[in-house]
Every structure is written in structure tokens, then in C-alpha cells.
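Undergrad: What follows is input26.tsv, made up of TSV, N, CA and C atoms:
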```tsv
chain	number	residue	atom	x	y	z
A	656	MET	N	-18.93	-21.13	-3.81
A	656	MET	CA	-18.19	-20.50	-4.90
A	656	MET	C	-16.69	-20.70	-4.64
A	657	SER	N	-15.99	-21.11	-5.63
A	657	SER	CA	-14.55	-21.29	-5.48
A	657	SER	C	-13.83	-20.02	-5.91
A	658	GLY	N	-12.56	-19.97	-5.64
A	658	GLY	CA	-11.78	-18.80	-6.01
A	658	GLY	C	-10.33	-19.17	-6.14
A	659	MET	N	-9.52	-18.18	-6.46
A	659	MET	CA	-8.09	-18.42	-6.58
A	659	MET	C	-7.37	-17.67	-5.47
A	660	ILE	N	-6.30	-18.27	-4.99
A	660	ILE	CA	-5.48	-17.66	-3.96
A	660	ILE	C	-4.09	-17.41	-4.54
A	661	THR	N	-3.64	-16.19	-4.37
A	661	THR	CA	-2.32	-15.78	-4.83
A	661	THR	C	-1.62	-15.11	-3.65
A	662	ARG	N	-0.32	-15.24	-3.59
A	662	ARG	CA	0.43	-14.57	-2.54
A	662	ARG	C	1.41	-13.59	-3.16
A	663	PHE	N	1.67	-12.53	-2.41
A	663	PHE	CA	2.77	-11.67	-2.80
A	663	PHE	C	3.48	-11.17	-1.56
A	664	GLU	N	4.74	-10.83	-1.73
A	664	GLU	CA	5.54	-10.35	-0.62
A	664	GLU	C	5.84	-8.87	-0.79
A	665	ARG	N	5.97	-8.21	0.33
A	665	ARG	CA	6.33	-6.80	0.34
A	665	ARG	C	7.38	-6.60	1.43
A	666	GLN	N	8.49	-6.02	1.07
A	666	GLN	CA	9.51	-5.65	2.04
A	666	GLN	C	9.31	-4.17	2.36
A	667	VAL	N	9.24	-3.86	3.64
A	667	VAL	CA	9.07	-2.47	4.05
A	667	VAL	C	10.26	-2.06	4.90
A	668	SER	N	10.41	-0.76	5.11
A	668	SER	CA	11.62	-0.23	5.72
A	668	SER	C	11.54	-0.01	7.22
A	669	GLY	N	10.45	-0.37	7.85
A	669	GLY	CA	10.32	-0.17	9.29
A	669	GLY	C	8.88	0.15	9.63
A	670	GLN	N	8.67	0.68	10.83
A	670	GLN	CA	7.32	1.01	11.26
A	670	GLN	C	6.69	2.05	10.36
A	671	GLY	N	5.39	1.90	10.14
A	671	GLY	CA	4.66	2.89	9.37
A	671	GLY	C	3.62	2.25	8.47
A	672	LEU	N	2.96	3.09	7.71
A	672	LEU	CA	1.92	2.67	6.78
A	672	LEU	C	2.46	2.73	5.36
A	673	PHE	N	2.31	1.62	4.64
A	673	PHE	CA	2.86	1.49	3.30
A	673	PHE	C	1.73	1.14	2.33
A	674	ASP	N	1.56	1.98	1.32
A	674	ASP	CA	0.49	1.79	0.34
A	674	ASP	C	0.80	0.56	-0.52
A	675	ILE	N	-0.09	-0.41	-0.50
A	675	ILE	CA	0.08	-1.63	-1.31
A	675	ILE	C	-1.02	-1.75	-2.36
A	676	THR	N	-1.79	-0.69	-2.58
A	676	THR	CA	-2.90	-0.73	-3.52
A	676	THR	C	-2.44	-1.14	-4.91
A	677	ARG	N	-1.40	-0.51	-5.40
A	677	ARG	CA	-0.90	-0.80	-6.75
A	677	ARG	C	-0.44	-2.26	-6.85
A	678	GLY	N	0.23	-2.76	-5.81
A	678	GLY	CA	0.68	-4.14	-5.80
A	678	GLY	C	-0.49	-5.12	-5.87
A	679	VAL	N	-1.55	-4.84	-5.12
A	679	VAL	CA	-2.74	-5.70	-5.16
A	679	VAL	C	-3.35	-5.66	-6.55
A	680	ALA	N	-3.49	-4.47	-7.12
A	680	ALA	CA	-4.07	-4.34	-8.46
A	680	ALA	C	-3.23	-5.06	-9.51
A	681	GLU	N	-1.90	-4.99	-9.38
A	681	GLU	CA	-1.03	-5.69	-10.33
A	681	GLU	C	-1.18	-7.20	-10.24
A	682	VAL	N	-1.28	-7.72	-9.03
A	682	VAL	CA	-1.48	-9.15	-8.86
A	682	VAL	C	-2.81	-9.57	-9.49
A	683	MET	N	-3.85	-8.79	-9.25
A	683	MET	CA	-5.16	-9.11	-9.83
A	683	MET	C	-5.09	-9.09	-11.36
A	684	SER	N	-4.41	-8.11	-11.91
A	684	SER	CA	-4.29	-8.01	-13.37
A	684	SER	C	-3.52	-9.19	-13.94
A	685	LYS	N	-2.39	-9.53	-13.31
A	685	LYS	CA	-1.58	-10.67	-13.77
A	685	LYS	C	-2.35	-11.98	-13.71
A	686	GLN	N	-3.27	-12.08	-12.75
A	686	GLN	CA	-4.08	-13.29	-12.62
A	686	GLN	C	-5.28	-13.28	-13.56
A	687	GLY	N	-5.43	-12.20	-14.32
A	687	GLY	CA	-6.53	-12.13	-15.28
A	687	GLY	C	-7.90	-11.91	-14.67
A	688	VAL	N	-7.93	-11.24	-13.51
A	688	VAL	CA	-9.20	-11.00	-12.84
A	688	VAL	C	-10.02	-10.00	-13.65
A	689	THR	N	-11.24	-10.38	-13.95
A	689	THR	CA	-12.18	-9.51	-14.67
A	689	THR	C	-13.53	-9.62	-13.96
A	690	GLY	N	-14.47	-8.86	-14.40
A	690	GLY	CA	-15.82	-8.94	-13.85
A	690	GLY	C	-15.90	-8.37	-12.45
A	691	ASP	N	-16.92	-8.83	-11.74
A	691	ASP	CA	-17.21	-8.33	-10.40
A	691	ASP	C	-16.99	-9.45	-9.39
A	692	GLY	N	-16.58	-9.08	-8.17
A	692	GLY	CA	-16.39	-10.08	-7.13
A	692	GLY	C	-15.82	-9.46	-5.88
A	693	LEU	N	-15.14	-10.30	-5.12
A	693	LEU	CA	-14.57	-9.86	-3.86
A	693	LEU	C	-13.11	-10.29	-3.78
A	694	CYS	N	-12.26	-9.35	-3.40
A	694	CYS	CA	-10.85	-9.62	-3.14
A	694	CYS	C	-10.66	-9.58	-1.63
A	695	THR	N	-10.28	-10.71	-1.08
A	695	THR	CA	-9.98	-10.78	0.35
A	695	THR	C	-8.47	-10.80	0.50
A	696	LEU	N	-7.96	-9.92	1.34
A	696	LEU	CA	-6.53	-9.85	1.64
A	696	LEU	C	-6.31	-10.33	3.05
A	697	PHE	N	-5.24	-11.11	3.25
A	697	PHE	CA	-4.90	-11.63	4.57
A	697	PHE	C	-3.39	-11.55	4.73
A	698	ILE	N	-2.95	-10.92	5.81
A	698	ILE	CA	-1.51	-10.83	6.09
A	698	ILE	C	-1.13	-11.96	7.04
A	699	ARG	N	-0.08	-12.67	6.71
A	699	ARG	CA	0.31	-13.87	7.45
A	699	ARG	C	1.33	-13.57	8.54
A	700	HIS	N	1.04	-12.55	9.34
A	700	HIS	CA	1.97	-12.14	10.39
A	700	HIS	C	1.18	-11.62	11.59
A	701	THR	N	1.79	-11.68	12.77
A	701	THR	CA	1.13	-11.20	13.99
A	701	THR	C	1.74	-9.90	14.50
A	702	SER	N	2.54	-9.25	13.67
A	702	SER	CA	3.13	-7.98	14.08
A	702	SER	C	3.03	-6.93	12.96
A	703	ALA	N	2.07	-7.14	12.08
A	703	ALA	CA	1.75	-6.18	11.03
A	703	ALA	C	0.26	-6.34	10.73
A	704	SER	N	-0.33	-5.35	10.09
A	704	SER	CA	-1.76	-5.43	9.82
A	704	SER	C	-2.09	-4.74	8.50
A	705	LEU	N	-3.38	-4.79	8.15
A	705	LEU	CA	-3.88	-4.20	6.92
A	705	LEU	C	-4.98	-3.21	7.25
A	706	LEU	N	-5.09	-2.16	6.46
A	706	LEU	CA	-6.22	-1.25	6.62
A	706	LEU	C	-6.44	-0.45	5.35
A	707	ILE	N	-7.65	0.07	5.25
A	707	ILE	CA	-8.01	1.00	4.19
A	707	ILE	C	-8.05	2.37	4.84
A	708	GLN	N	-7.36	3.31	4.23
A	708	GLN	CA	-7.27	4.64	4.81
A	708	GLN	C	-7.10	5.68	3.72
A	709	GLU	N	-7.18	6.93	4.11
A	709	GLU	CA	-7.05	8.05	3.18
A	709	GLU	C	-5.68	8.04	2.52
A	710	ASN	N	-5.66	8.33	1.21
A	710	ASN	CA	-4.39	8.39	0.48
A	710	ASN	C	-4.08	9.80	-0.02
A	711	TYR	N	-4.87	10.77	0.35
A	711	TYR	CA	-4.67	12.13	-0.16
A	711	TYR	C	-3.66	12.93	0.66
A	712	ASP	N	-3.86	12.97	1.96
A	712	ASP	CA	-3.02	13.79	2.82
A	712	ASP	C	-2.12	12.88	3.67
A	713	PRO	N	-0.81	12.88	3.43
A	713	PRO	CA	0.09	12.00	4.19
A	713	PRO	C	0.10	12.28	5.69
A	714	ARG	N	-0.40	13.44	6.10
A	714	ARG	CA	-0.46	13.75	7.52
A	714	ARG	C	-1.40	12.80	8.25
A	715	VAL	N	-2.40	12.26	7.53
A	715	VAL	CA	-3.31	11.28	8.14
A	715	VAL	C	-2.51	10.06	8.59
A	716	LEU	N	-1.64	9.58	7.73
A	716	LEU	CA	-0.82	8.41	8.06
A	716	LEU	C	0.13	8.71	9.21
A	717	ASP	N	0.73	9.90	9.18
A	717	ASP	CA	1.62	10.32	10.26
A	717	ASP	C	0.87	10.38	11.59
A	718	ASP	N	-0.35	10.94	11.55
A	718	ASP	CA	-1.14	11.05	12.77
A	718	ASP	C	-1.56	9.67	13.30
A	719	LEU	N	-1.90	8.76	12.41
A	719	LEU	CA	-2.24	7.40	12.84
A	719	LEU	C	-1.05	6.73	13.52
A	720	GLN	N	0.13	6.86	12.92
A	720	GLN	CA	1.32	6.26	13.51
A	720	GLN	C	1.64	6.90	14.86
A	721	THR	N	1.54	8.21	14.95
A	721	THR	CA	1.79	8.91	16.21
A	721	THR	C	0.82	8.46	17.29
A	722	TRP	N	-0.47	8.36	16.92
A	722	TRP	CA	-1.47	7.90	17.88
A	722	TRP	C	-1.16	6.49	18.36
A	723	MET	N	-0.83	5.59	17.43
A	723	MET	CA	-0.56	4.20	17.80
A	723	MET	C	0.66	4.12	18.72
A	724	ASN	N	1.68	4.90	18.44
A	724	ASN	CA	2.88	4.90	19.29
A	724	ASN	C	2.57	5.36	20.71
A	725	LYS	N	1.62	6.29	20.84
A	725	LYS	CA	1.22	6.74	22.18
A	725	LYS	C	0.30	5.74	22.85
A	726	ALA	N	-0.60	5.14	22.09
A	726	ALA	CA	-1.56	4.18	22.64
A	726	ALA	C	-0.88	2.90	23.10
A	727	VAL	N	0.12	2.46	22.33
A	727	VAL	CA	0.85	1.22	22.66
A	727	VAL	C	2.34	1.55	22.64
A	728	PRO	N	2.83	2.09	23.75
A	728	PRO	CA	4.23	2.52	23.77
A	728	PRO	C	5.20	1.34	23.75
A	729	GLN	N	6.37	1.63	23.25
A	729	GLN	CA	7.46	0.65	23.25
A	729	GLN	C	8.26	0.85	24.53
A	730	ASP	N	7.68	0.37	25.62
A	730	ASP	CA	8.27	0.55	26.95
A	730	ASP	C	8.53	-0.83	27.54
A	731	PRO	N	9.80	-1.25	27.65
A	731	PRO	CA	10.11	-2.60	28.12
A	731	PRO	C	9.62	-2.91	29.53
A	732	THR	N	9.28	-1.88	30.31
A	732	THR	CA	8.78	-2.14	31.67
A	732	THR	C	7.32	-2.59	31.66
A	733	LEU	N	6.64	-2.49	30.51
A	733	LEU	CA	5.22	-2.83	30.44
A	733	LEU	C	4.96	-4.28	30.03
A	734	TYR	N	5.96	-4.95	29.45
A	734	TYR	CA	5.72	-6.26	28.83
A	734	TYR	C	6.75	-7.29	29.30
A	735	THR	N	6.33	-8.55	29.28
A	735	THR	CA	7.27	-9.63	29.60
A	735	THR	C	7.77	-10.32	28.33
A	736	HIS	N	6.97	-10.33	27.26
A	736	HIS	CA	7.37	-10.99	26.01
A	736	HIS	C	8.25	-10.04	25.20
A	737	ASP	N	9.50	-10.42	25.04
A	737	ASP	CA	10.43	-9.59	24.26
A	737	ASP	C	11.43	-10.47	23.51
A	738	ASP	N	10.96	-11.66	23.08
A	738	ASP	CA	11.84	-12.63	22.44
A	738	ASP	C	12.59	-12.06	21.23
A	739	GLU	N	11.95	-11.17	20.51
A	739	GLU	CA	12.56	-10.61	19.30
A	739	GLU	C	12.93	-9.14	19.46
A	740	GLY	N	13.00	-8.66	20.68
A	740	GLY	CA	13.41	-7.29	20.93
A	740	GLY	C	12.32	-6.47	21.59
A	741	PRO	N	12.65	-5.21	21.91
A	741	PRO	CA	11.70	-4.37	22.65
A	741	PRO	C	10.45	-3.97	21.87
A	742	ASP	N	10.47	-4.13	20.55
A	742	ASP	CA	9.27	-3.80	19.77
A	742	ASP	C	8.37	-5.01	19.54
A	743	ASP	N	8.76	-6.18	20.08
A	743	ASP	CA	8.05	-7.42	19.82
A	743	ASP	C	6.61	-7.39	20.36
A	744	MET	N	6.45	-7.22	21.66
A	744	MET	CA	5.10	-7.25	22.24
A	744	MET	C	4.27	-6.04	21.82
A	745	PRO	N	4.82	-4.83	21.77
A	745	PRO	CA	4.01	-3.73	21.26
A	745	PRO	C	3.47	-4.01	19.85
A	746	ALA	N	4.28	-4.65	19.01
A	746	ALA	CA	3.83	-4.97	17.65
A	746	ALA	C	2.66	-5.95	17.68
A	747	HIS	N	2.70	-6.93	18.57
A	747	HIS	CA	1.59	-7.88	18.69
A	747	HIS	C	0.31	-7.18	19.15
A	748	ILE	N	0.43	-6.28	20.12
A	748	ILE	CA	-0.75	-5.55	20.60
A	748	ILE	C	-1.32	-4.67	19.49
A	749	ARG	N	-0.45	-3.97	18.77
A	749	ARG	CA	-0.90	-3.11	17.68
A	749	ARG	C	-1.61	-3.91	16.61
A	750	SER	N	-1.09	-5.09	16.32
A	750	SER	CA	-1.73	-5.97	15.34
A	750	SER	C	-3.08	-6.44	15.83
A	751	ALA	N	-3.19	-6.74	17.13
A	751	ALA	CA	-4.46	-7.19	17.71
A	751	ALA	C	-5.52	-6.09	17.65
A	752	LEU	N	-5.11	-4.84	17.71
A	752	LEU	CA	-6.04	-3.71	17.68
A	752	LEU	C	-6.49	-3.33	16.27
A	753	THR	N	-5.83	-3.85	15.28
A	753	THR	CA	-6.13	-3.49	13.90
A	753	THR	C	-6.65	-4.74	13.18
A	754	ALA	N	-6.41	-4.88	11.89
A	754	ALA	CA	-7.00	-5.98	11.12
A	754	ALA	C	-5.94	-6.83	10.43
A	755	SER	N	-6.16	-8.13	10.41
A	755	SER	CA	-5.28	-9.02	9.66
A	755	SER	C	-5.86	-9.36	8.29
A	756	SER	N	-7.12	-9.00	8.05
A	756	SER	CA	-7.71	-9.26	6.73
A	756	SER	C	-8.67	-8.15	6.36
A	757	LEU	N	-8.87	-8.01	5.05
A	757	LEU	CA	-9.79	-7.02	4.49
A	757	LEU	C	-10.55	-7.66	3.34
A	758	GLY	N	-11.78	-7.28	3.17
A	758	GLY	CA	-12.55	-7.68	2.00
A	758	GLY	C	-12.86	-6.44	1.17
A	759	ILE	N	-12.47	-6.46	-0.10
A	759	ILE	CA	-12.67	-5.30	-0.97
A	759	ILE	C	-13.38	-5.78	-2.23
A	760	PRO	N	-14.56	-5.24	-2.51
A	760	PRO	CA	-15.22	-5.61	-3.77
A	760	PRO	C	-14.42	-5.11	-4.96
A	761	PHE	N	-14.57	-5.80	-6.09
A	761	PHE	CA	-14.02	-5.28	-7.33
A	761	PHE	C	-15.11	-5.28	-8.39
A	762	ILE	N	-15.03	-4.29	-9.27
A	762	ILE	CA	-15.99	-4.10	-10.34
A	762	ILE	C	-15.21	-4.02	-11.65
A	763	ASP	N	-15.60	-4.83	-12.61
A	763	ASP	CA	-14.89	-4.88	-13.89
A	763	ASP	C	-13.39	-5.11	-13.70
A	764	GLY	N	-13.02	-5.89	-12.68
A	764	GLY	CA	-11.63	-6.24	-12.44
A	764	GLY	C	-10.84	-5.20	-11.65
A	765	ASP	N	-11.47	-4.09	-11.28
A	765	ASP	CA	-10.78	-3.03	-10.54
A	765	ASP	C	-11.30	-2.94	-9.11
A	766	LEU	N	-10.39	-2.74	-8.15
A	766	LEU	CA	-10.81	-2.57	-6.77
A	766	LEU	C	-11.80	-1.41	-6.66
A	767	ALA	N	-12.87	-1.61	-5.93
A	767	ALA	CA	-13.94	-0.60	-5.82
A	767	ALA	C	-13.69	0.32	-4.63
A	768	LEU	N	-12.49	0.85	-4.56
A	768	LEU	CA	-12.14	1.77	-3.49
A	768	LEU	C	-12.70	3.16	-3.79
A	769	GLY	N	-12.92	3.93	-2.73
A	769	GLY	CA	-13.38	5.30	-2.89
A	769	GLY	C	-12.27	6.19	-3.42
A	770	THR	N	-12.63	7.39	-3.79
A	770	THR	CA	-11.70	8.33	-4.41
A	770	THR	C	-10.42	8.53	-3.61
A	771	TRP	N	-10.55	8.66	-2.29
A	771	TRP	CA	-9.39	8.96	-1.46
A	771	TRP	C	-8.95	7.76	-0.63
A	772	GLN	N	-9.31	6.55	-1.04
A	772	GLN	CA	-8.95	5.36	-0.29
A	772	GLN	C	-7.79	4.61	-0.92
A	773	ALA	N	-6.98	4.00	-0.05
A	773	ALA	CA	-5.90	3.12	-0.49
A	773	ALA	C	-5.80	1.98	0.53
A	774	VAL	N	-5.15	0.91	0.10
A	774	VAL	CA	-4.91	-0.24	0.98
A	774	VAL	C	-3.50	-0.11	1.53
A	775	TYR	N	-3.37	-0.25	2.83
A	775	TYR	CA	-2.07	-0.09	3.48
A	775	TYR	C	-1.68	-1.33	4.27
A	776	LEU	N	-0.41	-1.64	4.20
A	776	LEU	CA	0.22	-2.56	5.13
A	776	LEU	C	0.73	-1.68	6.27
A	777	TRP	N	0.28	-1.98	7.49
A	777	TRP	CA	0.72	-1.20	8.64
A	777	TRP	C	1.75	-2.04	9.38
A	778	GLU	N	2.99	-1.66	9.22
A	778	GLU	CA	4.10	-2.39	9.84
A	778	GLU	C	4.31	-1.88	11.25
A	779	HIS	N	4.34	-2.82	12.21
A	779	HIS	CA	4.48	-2.46	13.61
A	779	HIS	C	5.87	-2.78	14.18
A	780	ARG	N	6.75	-3.36	13.38
A	780	ARG	CA	8.11	-3.68	13.84
A	780	ARG	C	9.09	-2.65	13.28
A	781	GLU	N	10.19	-2.47	13.99
A	781	GLU	CA	11.22	-1.54	13.54
A	781	GLU	C	12.08	-2.13	12.42
A	782	ASN	N	12.37	-3.41	12.48
A	782	ASN	CA	13.21	-4.07	11.48
A	782	ASN	C	12.52	-5.34	10.97
A	783	PRO	N	11.47	-5.17	10.20
A	783	PRO	CA	10.70	-6.34	9.76
A	783	PRO	C	11.39	-7.09	8.62
A	784	GLY	N	11.02	-8.33	8.49
A	784	GLY	CA	11.41	-9.10	7.31
A	784	GLY	C	10.35	-8.91	6.25
A	785	PRO	N	10.43	-9.67	5.17
A	785	PRO	CA	9.40	-9.57	4.14
A	785	PRO	C	8.04	-9.97	4.70
A	786	ARG	N	7.00	-9.32	4.25
A	786	ARG	CA	5.64	-9.59	4.69
A	786	ARG	C	4.89	-10.29	3.57
A	787	THR	N	4.22	-11.38	3.91
A	787	THR	CA	3.46	-12.14	2.93
A	787	THR	C	1.98	-11.83	3.06
A	788	ILE	N	1.36	-11.51	1.94
A	788	ILE	CA	-0.07	-11.21	1.90
A	788	ILE	C	-0.72	-12.18	0.92
A	789	LEU	N	-1.81	-12.80	1.35
A	789	LEU	CA	-2.58	-13.66	0.48
A	789	LEU	C	-3.75	-12.90	-0.10
A	790	LEU	N	-4.01	-13.10	-1.39
A	790	LEU	CA	-5.18	-12.53	-2.06
A	790	LEU	C	-6.09	-13.68	-2.45
A	791	HIS	N	-7.32	-13.63	-2.00
A	791	HIS	CA	-8.31	-14.63	-2.38
A	791	HIS	C	-9.36	-13.93	-3.23
A	792	ILE	N	-9.49	-14.35	-4.46
A	792	ILE	CA	-10.41	-13.73	-5.41
A	792	ILE	C	-11.63	-14.64	-5.58
A	793	THR	N	-12.81	-14.10	-5.33
A	793	THR	CA	-14.05	-14.85	-5.58
A	793	THR	C	-14.98	-14.03	-6.45
```
Show the structure stored in the file as C-alpha cells.
TA:
Amino acid sequence: MSGMITRFERQVSGQGLFDITRGVAEVMSKQGVTGDGLCTLFIRHTSASLLIQENYDPRVLDDLQTWMNKAVPQDPTLYTHDDEGPDDMPAHIRSALTASSLGIPFIDGDLALGTWQAVYLWEHRENPGPRTILLHIT
């Protein structure tokens, strides 16, 4: 089965979880996606990731970020790779622990997310550049 690939960019303001659900839905709508299928998302970076998480209580996102900061501290004594600054290697580890791609079914052209689910870009750098995400629709 063939599909279409579209890319979109998102600029974020630093470390944290950023809801990109609306952006994904807008891209799908602009591309004329209808019917049922699968939307695969892929982030083209090694210091950011994607995840589906609760969108109701923002404390969930805060707790995830707090946990990640404790699990993978930004401590320059722990790492040798720091080409882009002290957050460089921690960002790579955080990305390795999470996901670079997601598959989300769609029904009648709409993402089939649960009531309290959203798609997030999880930025692991303090001063990131624009992030490119590919959408593959099948």
C-alpha cells in the first residue's frame, strides 16, 4: 500500500512537552485525508521525541518532565559528549528512552485518539531549533 508523506515544522520554547495534536490534524485536513487508515509520525531529530499522553491535567506533563530531569540529569561530570552544550548528551539519552515515531489510526479522517489523549513533541534541549516531523498517511 502506498501513502503520502508530508512534513511540518514546530518551533518550541525549550524543554518540555508540547501538544502537536491540532497541528497534525490540520496537516491531515489540508492534505485531504478521509476514510480510515494509519498516520505514522516520525521526528527527524536525536534530541527530541514523540509520545501520546494525557491532555486533561497539565500536572501529568509537569510530573513527566520532573521525572525525566531526575532520571537523566544535566550533570557535565556524567558525560563526555557535550559538542552542543551541557544539555547535549542528556537530550540524546532522553530521546533514546522515549520514541522517535508513533502510529495513530484515523477513522473518517480524524485521529482515533482517546478522550484524554494528545500527541506531544517532547523537547529535551534547552534552546532547540525548529523540529521537523514527517507524517506518513496510509
Undergrad: Between A:Thr695, A:Met744, A:Lys685, A:Glu709, which is the closest to A:Thr732 once you count only C-alpha atoms?
TA: A:Met744
Undergrad: A:Ile698, A:Leu672, A:Met683, A:Ala726: which is nearest A:His779, counting only N, CA and C atoms?
TA: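 Ranked by minimum distance to A:His779, first place goes to A:Leu672.
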Undergrad: Chain A: which residues are strand (DSSP E) by DSSP, as number ranges by chain?
TA: A: 659-665, 671-674, 692-698, 703-709, 756-762, 765-766, 772-778, 786-792
Undergrad: If DSSP is run on the backbone, what residues of chain A are alpha helix (DSSP H)? A reply as a CSV table (one decimal) with N, CA and C atoms, in the coordinates of the input would be ideal.
TA:
```csv
chain,number,residue,atom,x,y,z
A,676,THR,N,-1.8,-0.7,-2.6
A,676,THR,CA,-2.9,-0.7,-3.5
A,676,THR,C,-2.4,-1.1,-4.9
A,677,ARG,N,-1.4,-0.5,-5.4
A,677,ARG,CA,-0.9,-0.8,-6.8
A,677,ARG,C,-0.4,-2.3,-6.8
A,678,GLY,N,0.2,-2.8,-5.8
A,678,GLY,CA,0.7,-4.1,-5.8
A,678,GLY,C,-0.5,-5.1,-5.9
A,679,VAL,N,-1.6,-4.8,-5.1
A,679,VAL,CA,-2.7,-5.7,-5.2
A,679,VAL,C,-3.4,-5.7,-6.6
A,680,ALA,N,-3.5,-4.5,-7.1
A,680,ALA,CA,-4.1,-4.3,-8.5
A,680,ALA,C,-3.2,-5.1,-9.5
A,681,GLU,N,-1.9,-5.0,-9.4
A,681,GLU,CA,-1.0,-5.7,-10.3
A,681,GLU,C,-1.2,-7.2,-10.2
A,682,VAL,N,-1.3,-7.7,-9.0
A,682,VAL,CA,-1.5,-9.2,-8.9
A,682,VAL,C,-2.8,-9.6,-9.5
A,683,MET,N,-3.8,-8.8,-9.2
A,683,MET,CA,-5.2,-9.1,-9.8
A,683,MET,C,-5.1,-9.1,-11.4
A,684,SER,N,-4.4,-8.1,-11.9
A,684,SER,CA,-4.3,-8.0,-13.4
A,684,SER,C,-3.5,-9.2,-13.9
A,685,LYS,N,-2.4,-9.5,-13.3
A,685,LYS,CA,-1.6,-10.7,-13.8
A,685,LYS,C,-2.4,-12.0,-13.7
A,713,PRO,N,-0.8,12.9,3.4
A,713,PRO,CA,0.1,12.0,4.2
A,713,PRO,C,0.1,12.3,5.7
A,714,ARG,N,-0.4,13.4,6.1
A,714,ARG,CA,-0.5,13.8,7.5
A,714,ARG,C,-1.4,12.8,8.2
A,715,VAL,N,-2.4,12.3,7.5
A,715,VAL,CA,-3.3,11.3,8.1
A,715,VAL,C,-2.5,10.1,8.6
A,716,LEU,N,-1.6,9.6,7.7
A,716,LEU,CA,-0.8,8.4,8.1
A,716,LEU,C,0.1,8.7,9.2
A,717,ASP,N,0.7,9.9,9.2
A,717,ASP,CA,1.6,10.3,10.3
A,717,ASP,C,0.9,10.4,11.6
A,718,ASP,N,-0.4,10.9,11.6
A,718,ASP,CA,-1.1,11.0,12.8
A,718,ASP,C,-1.6,9.7,13.3
A,719,LEU,N,-1.9,8.8,12.4
A,719,LEU,CA,-2.2,7.4,12.8
A,719,LEU,C,-1.0,6.7,13.5
A,720,GLN,N,0.1,6.9,12.9
A,720,GLN,CA,1.3,6.3,13.5
A,720,GLN,C,1.6,6.9,14.9
A,721,THR,N,1.5,8.2,15.0
A,721,THR,CA,1.8,8.9,16.2
A,721,THR,C,0.8,8.5,17.3
A,722,TRP,N,-0.5,8.4,16.9
A,722,TRP,CA,-1.5,7.9,17.9
A,722,TRP,C,-1.2,6.5,18.4
A,723,MET,N,-0.8,5.6,17.4
A,723,MET,CA,-0.6,4.2,17.8
A,723,MET,C,0.7,4.1,18.7
A,724,ASN,N,1.7,4.9,18.4
A,724,ASN,CA,2.9,4.9,19.3
A,724,ASN,C,2.6,5.4,20.7
A,725,LYS,N,1.6,6.3,20.8
A,725,LYS,CA,1.2,6.7,22.2
A,725,LYS,C,0.3,5.7,22.8
A,726,ALA,N,-0.6,5.1,22.1
A,726,ALA,CA,-1.6,4.2,22.6
A,726,ALA,C,-0.9,2.9,23.1
A,743,ASP,N,8.8,-6.2,20.1
A,743,ASP,CA,8.0,-7.4,19.8
A,743,ASP,C,6.6,-7.4,20.4
A,744,MET,N,6.4,-7.2,21.7
A,744,MET,CA,5.1,-7.2,22.2
A,744,MET,C,4.3,-6.0,21.8
A,745,PRO,N,4.8,-4.8,21.8
A,745,PRO,CA,4.0,-3.7,21.3
A,745,PRO,C,3.5,-4.0,19.8
A,746,ALA,N,4.3,-4.6,19.0
A,746,ALA,CA,3.8,-5.0,17.6
A,746,ALA,C,2.7,-6.0,17.7
A,747,HIS,N,2.7,-6.9,18.6
A,747,HIS,CA,1.6,-7.9,18.7
A,747,HIS,C,0.3,-7.2,19.2
A,748,ILE,N,0.4,-6.3,20.1
A,748,ILE,CA,-0.8,-5.6,20.6
A,748,ILE,C,-1.3,-4.7,19.5
A,749,ARG,N,-0.4,-4.0,18.8
A,749,ARG,CA,-0.9,-3.1,17.7
A,749,ARG,C,-1.6,-3.9,16.6
A,750,SER,N,-1.1,-5.1,16.3
A,750,SER,CA,-1.7,-6.0,15.3
A,750,SER,C,-3.1,-6.4,15.8
A,751,ALA,N,-3.2,-6.7,17.1
A,751,ALA,CA,-4.5,-7.2,17.7
A,751,ALA,C,-5.5,-6.1,17.6
A,752,LEU,N,-5.1,-4.8,17.7
A,752,LEU,CA,-6.0,-3.7,17.7
A,752,LEU,C,-6.5,-3.3,16.3
```
Undergrad: May I have the residues at most 12 Å from (-13.2, 2.0, -1.1) in the file's coordinates, counting only C-alpha atoms, as an MDAnalysis selection string?
TA: chainID A and resid 676 706:710 757:762 765:774
Undergrad: Report, in Å with one decimal, the straight-line distance from atom CA of A:Gly658 to atom CA of A:His791.
TA: 6.5 Å
Undergrad: Would you mind telling me which residue in A:His747, A:Gly671, A:Gln686, A:Pro731 lies nearest to A:Thr701 when using only N, CA and C atoms?
TA: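 Result for the nearest residue to A:Thr701: A:His747.
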Undergrad: What separation in Å, quoted to one decimal, exists between atom CA of A:Tyr775 and atom CA of A:Ala754?
TA: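 For atom CA of A:Tyr775 relative to atom CA of A:Ala754, the distance reads 10.8 Å.
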Undergrad: Distance atom N of A:Lys725-atom C of A:Thr753, one decimal place?
TA: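 Atom C of A:Thr753 lies at a distance of 15.8 Å from atom N of A:Lys725.
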Undergrad: Taking (11.3, -5.9, 19.9) as a centre in this file's frame and 12 Å as the limit, can you find every polymer residue with an atom that close, using only C-alpha atoms, and give them as a ChimeraX atom specification?
TA: /A:670,702,728-731,734-747,779-783
Undergrad: Pick the closest to A:Ile675 from A:Asp691, A:Leu716, A:Arg786, A:Leu776: which is it, counting all atoms listed in the file?
TA: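 Smallest separation from A:Ile675 among the options: A:Leu776.
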Undergrad: Can you tell me, as a PDB file with N, CA and C atoms, keeping the file's coordinate frame, what residues are no more than 8 Å from A:Arg665 when counting only C-alpha atoms, ignoring any on the same chain fewer than 5 positions away?
TA:
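Final output, saved to part-v6.pdb:
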```
ATOM      1  N   PRO A 785      10.430  -9.670   5.170  1.00  0.00           N
ATOM      2  CA  PRO A 785       9.400  -9.570   4.140  1.00  0.00           C
ATOM      3  C   PRO A 785       8.040  -9.970   4.700  1.00  0.00           C
ATOM      4  N   ARG A 786       7.000  -9.320   4.250  1.00  0.00           N
ATOM      5  CA  ARG A 786       5.640  -9.590   4.690  1.00  0.00           C
ATOM      6  C   ARG A 786       4.890 -10.290   3.570  1.00  0.00           C
ATOM      7  N   THR A 787       4.220 -11.380   3.910  1.00  0.00           N
ATOM      8  CA  THR A 787       3.460 -12.140   2.930  1.00  0.00           C
ATOM      9  C   THR A 787       1.980 -11.830   3.060  1.00  0.00           C
ATOM     10  N   ILE A 788       1.360 -11.510   1.940  1.00  0.00           N
ATOM     11  CA  ILE A 788      -0.070 -11.210   1.900  1.00  0.00           C
ATOM     12  C   ILE A 788      -0.720 -12.180   0.920  1.00  0.00           C
TER      13      ILE A 788
END
```
Undergrad: Return the single residue from A:Met723, A:Ser756, A:Ala703, A:Ala680 that is closest to A:Val667, with distances computed using only C-alpha atoms.
TA: A:Ala703
